[in-house]
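Step one of this worksheet: look at the structure below.
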Amino acid sequence: MAKSRGVPLNNTIIARNWPDRIFSGVILILSIFIFIIIAYPLWFVLIASISNSDLVNLGKVTFYPRGIRFYGYQQIMKDARIWTGYLNTIIYVIGGTLLNIAVTMPAAYALSCRSFKYAVRLCFILSLPCSSTAVWFRCT
C-alpha cells in the first residue's frame, strides 16, 4: 500500500489518496469558476458606473474602467431623496434591531426555564411566521 500525506484532524490522521485529491481539485476549480461568474458582473457594474458612458455603450469597457468620471455619483449625491433614504435605512435598522432584541431576549429566557409551562405553545406561536412563509412559497 502506498503512503499518502495525512491531514491531522482532532489528533487523528486522515489519508488523502488520489480520488480525494481529484475531488478536492474539482471542487476548487468549480468554486473558482462560480466565484468568477458571480464577481465579474458586480465588478462590471462598478467600473461601468465610473467609466465614460459613451465608451460603455460602445462596448469598449470590459475589465478595467476607461475615461473615469464621477458625474453620475455627483448627480445622485445632490438629490435629497438619497439622503432621506439613507436616514430611513438607518432608522429601520436600529429600530428593527432594538425591537428584535426586546422580543427575543425575554422569549429566550422564558424558554430556557424548565418550569415554564407554556413553552410548547410559545414555540408554536414563534414558529408560525416560518411555517406560513413556507406554505406561501409552496403555493405560489
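Ordered as shown in the C-alpha cells, chains take letters A, B, and onward, while each chain numbers its residues from 1 and ligands are numbered from 1 in the order shown.
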Which residues are near A:Gly67? Cut-off 8 Å, only C-alpha atoms, ignore same chain within fewer than 3 positions. Put them as a VMD selection string.
chain A and resid 51 to 52 55
For A:Gly72, the nearest of the candidates A:Ser49, A:Asn100, A:Asn88, A:Ser31, counting only C-alpha atoms
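Using only C-alpha atoms, the shortest distance to A:Gly72 belongs to A:Ser49.
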Backbone-only DSSP, strand (DSSP E or B) members of stretch 7-90 of chain A, as a PDB file with N, CA and C atoms, in the first residue's frame:
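File selection-v2.pdb, as written:
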```
ATOM      1  N   VAL A   7      -3.757  14.461   6.797  1.00  0.00           N
ATOM      2  CA  VAL A   7      -4.180  15.743   7.332  1.00  0.00           C
ATOM      3  C   VAL A   7      -4.617  15.513   8.761  1.00  0.00           C
ATOM      4  N   PRO A   8      -3.932  16.125   9.763  1.00  0.00           N
ATOM      5  CA  PRO A   8      -4.336  15.902  11.143  1.00  0.00           C
ATOM      6  C   PRO A   8      -5.693  16.537  11.433  1.00  0.00           C
ATOM      7  N   LEU A   9      -6.553  15.784  12.092  1.00  0.00           N
ATOM      8  CA  LEU A   9      -7.878  16.256  12.465  1.00  0.00           C
ATOM      9  C   LEU A   9      -8.219  15.649  13.814  1.00  0.00           C
ATOM     10  N   THR A  12      -6.130  12.752  14.893  1.00  0.00           N
ATOM     11  CA  THR A  12      -6.157  11.581  14.018  1.00  0.00           C
ATOM     12  C   THR A  12      -5.656  12.010  12.649  1.00  0.00           C
ATOM     13  N   ILE A  13      -5.234  11.056  11.862  1.00  0.00           N
ATOM     14  CA  ILE A  13      -4.732  11.365  10.536  1.00  0.00           C
ATOM     15  C   ILE A  13      -5.660  10.721   9.515  1.00  0.00           C
ATOM     16  N   ILE A  14      -6.130  11.562   8.588  1.00  0.00           N
ATOM     17  CA  ILE A  14      -6.990  11.077   7.517  1.00  0.00           C
ATOM     18  C   ILE A  14      -6.132  10.985   6.263  1.00  0.00           C
ATOM     19  N   ALA A  15      -6.078   9.824   5.680  1.00  0.00           N
ATOM     20  CA  ALA A  15      -5.262   9.623   4.486  1.00  0.00           C
ATOM     21  C   ALA A  15      -5.886  10.349   3.303  1.00  0.00           C
TER      22      ALA A  15
END
```
Among stretch 65-140 of chain A, which ones does DSSP assign to alpha helix (DSSP H) (computed from the backbone)? Answer as a compact mmCIF listing (two decimals) with N, CA and C atoms, in the first residue's frame.
```
# COMPACT_ATOMS: atom_id res chain seq x y z
N TYR A 71 -19.50 61.76 -12.66
CA TYR A 71 -20.65 62.64 -12.89
C TYR A 71 -21.95 62.03 -12.33
N GLY A 72 -22.15 60.75 -12.55
CA GLY A 72 -23.36 60.09 -12.05
C GLY A 72 -23.44 60.14 -10.53
N TYR A 73 -22.32 59.89 -9.88
CA TYR A 73 -22.31 59.94 -8.42
C TYR A 73 -22.53 61.35 -7.92
N GLN A 74 -22.00 62.36 -8.62
CA GLN A 74 -22.23 63.75 -8.23
C GLN A 74 -23.71 64.09 -8.32
N GLN A 75 -24.37 63.64 -9.37
CA GLN A 75 -25.79 63.93 -9.53
C GLN A 75 -26.63 63.22 -8.47
N ILE A 76 -26.26 62.00 -8.16
CA ILE A 76 -27.01 61.26 -7.14
C ILE A 76 -26.85 61.90 -5.77
N MET A 77 -25.64 62.33 -5.44
CA MET A 77 -25.41 62.92 -4.12
C MET A 77 -26.07 64.28 -3.96
N LYS A 78 -26.40 64.94 -5.05
CA LYS A 78 -27.11 66.22 -4.96
C LYS A 78 -28.59 66.04 -4.65
N ALA A 80 -31.76 65.12 -2.69
CA ALA A 80 -32.09 65.00 -1.26
C ALA A 80 -32.78 63.68 -0.94
N ARG A 81 -33.42 63.06 -1.93
CA ARG A 81 -34.13 61.80 -1.67
C ARG A 81 -33.16 60.68 -1.28
N ILE A 82 -31.94 60.72 -1.79
CA ILE A 82 -30.95 59.72 -1.43
C ILE A 82 -30.64 59.79 0.06
N TRP A 83 -30.44 61.00 0.55
CA TRP A 83 -30.12 61.17 1.98
C TRP A 83 -31.31 60.82 2.85
N THR A 84 -32.53 61.09 2.38
CA THR A 84 -33.73 60.66 3.11
C THR A 84 -33.79 59.13 3.16
N GLY A 85 -33.45 58.49 2.05
CA GLY A 85 -33.43 57.03 2.02
C GLY A 85 -32.40 56.45 2.97
N TYR A 86 -31.20 57.06 3.00
CA TYR A 86 -30.17 56.61 3.95
C TYR A 86 -30.64 56.76 5.39
N LEU A 87 -31.27 57.90 5.69
CA LEU A 87 -31.78 58.12 7.04
C LEU A 87 -32.84 57.09 7.40
N ASN A 88 -33.76 56.83 6.47
CA ASN A 88 -34.80 55.81 6.72
C ASN A 88 -34.17 54.44 6.94
N THR A 89 -33.16 54.10 6.16
CA THR A 89 -32.49 52.81 6.32
C THR A 89 -31.86 52.69 7.70
N ILE A 90 -31.18 53.73 8.13
CA ILE A 90 -30.55 53.71 9.46
C ILE A 90 -31.60 53.58 10.56
N ILE A 91 -32.70 54.33 10.44
CA ILE A 91 -33.77 54.25 11.44
C ILE A 91 -34.37 52.85 11.47
N TYR A 92 -34.63 52.25 10.28
CA TYR A 92 -35.21 50.91 10.24
C TYR A 92 -34.27 49.87 10.83
N VAL A 93 -32.98 49.99 10.55
CA VAL A 93 -32.02 49.02 11.08
C VAL A 93 -31.94 49.12 12.59
N ILE A 94 -31.79 50.32 13.10
CA ILE A 94 -31.68 50.49 14.56
C ILE A 94 -32.98 50.10 15.25
N GLY A 95 -34.10 50.58 14.72
CA GLY A 95 -35.40 50.25 15.32
C GLY A 95 -35.71 48.77 15.25
N GLY A 96 -35.45 48.14 14.10
CA GLY A 96 -35.71 46.72 13.95
C GLY A 96 -34.83 45.87 14.85
N THR A 97 -33.57 46.28 15.00
CA THR A 97 -32.66 45.54 15.88
C THR A 97 -33.10 45.65 17.34
N LEU A 98 -33.46 46.86 17.75
CA LEU A 98 -33.92 47.03 19.14
C LEU A 98 -35.21 46.25 19.40
N LEU A 99 -36.14 46.29 18.46
CA LEU A 99 -37.39 45.54 18.61
C LEU A 99 -37.12 44.04 18.65
N ASN A 100 -36.24 43.56 17.79
CA ASN A 100 -35.89 42.15 17.77
C ASN A 100 -35.29 41.72 19.10
N ILE A 101 -34.37 42.51 19.62
CA ILE A 101 -33.75 42.17 20.91
C ILE A 101 -34.79 42.23 22.03
N ALA A 102 -35.67 43.24 22.00
CA ALA A 102 -36.68 43.38 23.05
C ALA A 102 -37.66 42.21 23.07
N VAL A 103 -37.90 41.58 21.93
CA VAL A 103 -38.82 40.45 21.88
C VAL A 103 -38.09 39.12 22.08
N THR A 104 -36.92 38.99 21.51
CA THR A 104 -36.20 37.71 21.53
C THR A 104 -35.62 37.39 22.90
N MET A 105 -35.04 38.37 23.56
CA MET A 105 -34.39 38.10 24.86
C MET A 105 -35.37 37.57 25.91
N PRO A 106 -36.53 38.22 26.13
CA PRO A 106 -37.46 37.65 27.12
C PRO A 106 -37.99 36.28 26.70
N ALA A 107 -38.23 36.09 25.40
CA ALA A 107 -38.72 34.78 24.95
C ALA A 107 -37.66 33.71 25.17
N ALA A 108 -36.41 34.02 24.89
CA ALA A 108 -35.34 33.05 25.09
C ALA A 108 -35.17 32.73 26.58
N TYR A 109 -35.28 33.74 27.41
CA TYR A 109 -35.17 33.48 28.85
C TYR A 109 -36.33 32.59 29.32
N ALA A 110 -37.54 32.91 28.87
CA ALA A 110 -38.70 32.12 29.29
C ALA A 110 -38.58 30.68 28.81
N LEU A 111 -38.11 30.48 27.60
CA LEU A 111 -37.97 29.13 27.07
C LEU A 111 -36.82 28.37 27.71
N SER A 112 -35.86 29.06 28.32
CA SER A 112 -34.76 28.37 28.97
C SER A 112 -35.13 27.86 30.35
N ALA A 119 -44.19 26.67 27.35
CA ALA A 119 -43.07 26.64 26.42
C ALA A 119 -43.49 26.06 25.06
N VAL A 120 -44.28 24.99 25.06
CA VAL A 120 -44.68 24.37 23.80
C VAL A 120 -45.55 25.33 23.00
N ARG A 121 -46.48 26.00 23.66
CA ARG A 121 -47.35 26.95 22.96
C ARG A 121 -46.55 28.13 22.42
N LEU A 122 -45.62 28.64 23.21
CA LEU A 122 -44.81 29.76 22.76
C LEU A 122 -43.93 29.37 21.56
N CYS A 123 -43.35 28.18 21.60
CA CYS A 123 -42.56 27.72 20.46
C CYS A 123 -43.43 27.60 19.21
N PHE A 124 -44.67 27.12 19.39
CA PHE A 124 -45.58 27.02 18.25
C PHE A 124 -45.90 28.40 17.68
N ILE A 125 -46.20 29.35 18.56
CA ILE A 125 -46.53 30.70 18.11
C ILE A 125 -45.33 31.35 17.42
N LEU A 126 -44.12 31.15 17.97
CA LEU A 126 -42.93 31.73 17.37
C LEU A 126 -42.57 31.09 16.03
N SER A 127 -42.98 29.84 15.82
CA SER A 127 -42.66 29.17 14.56
C SER A 127 -43.71 29.41 13.49
N LEU A 128 -44.84 30.04 13.81
CA LEU A 128 -45.88 30.29 12.81
C LEU A 128 -45.41 31.15 11.64
N PRO A 129 -44.67 32.24 11.86
CA PRO A 129 -44.23 33.02 10.69
C PRO A 129 -43.38 32.20 9.73
N CYS A 130 -42.54 31.32 10.24
CA CYS A 130 -41.70 30.49 9.36
C CYS A 130 -42.55 29.50 8.57
N SER A 131 -43.48 28.84 9.25
CA SER A 131 -44.28 27.83 8.56
C SER A 131 -45.25 28.47 7.58
N SER A 132 -45.82 29.63 7.92
CA SER A 132 -46.73 30.28 6.98
C SER A 132 -45.99 30.78 5.75
N THR A 133 -44.75 31.22 5.92
CA THR A 133 -43.94 31.64 4.78
C THR A 133 -43.63 30.45 3.89
N ALA A 134 -43.30 29.30 4.49
CA ALA A 134 -43.01 28.10 3.72
C ALA A 134 -44.24 27.66 2.93
N VAL A 135 -45.42 27.71 3.55
CA VAL A 135 -46.66 27.33 2.87
C VAL A 135 -46.94 28.31 1.74
N TRP A 136 -46.72 29.59 1.97
CA TRP A 136 -46.98 30.59 0.93
C TRP A 136 -46.07 30.36 -0.27
N PHE A 137 -44.79 30.09 -0.03
CA PHE A 137 -43.87 29.86 -1.13
C PHE A 137 -44.20 28.57 -1.87
N ARG A 138 -44.70 27.57 -1.17
CA ARG A 138 -45.04 26.31 -1.81
C ARG A 138 -46.28 26.47 -2.69
N CYS A 139 -47.20 27.34 -2.29
CA CYS A 139 -48.45 27.52 -3.02
C CYS A 139 -48.29 28.43 -4.25
```
Top pick for closest residue to A:Tyr40, considering A:Leu58, A:Tyr64, A:Tyr118, A:Asp79 and counting only C-alpha atoms:
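Between A:Leu58, A:Tyr64, A:Tyr118, A:Asp79, the residue approaching A:Tyr40 most closely is A:Tyr64.
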Pairwise distance, atom CA of A:Leu46 with atom CA of A:Gly59, equals 15.0 Å
What is the atom CA of A:Val56 to atom CA of A:Ile68 distance in Å?
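It comes out at 11.1 Å.
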Of the candidates A:Ile27, A:Phe35, A:Ser115, A:Phe70, which one gets nearest to A:Ile47 if we count only C-alpha atoms?
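With only C-alpha atoms as the atom set, the closest residue is A:Phe70.
Here atom CA of A:Asp20 stands at a distance of 19.9 Å from atom CA of A:Phe33.
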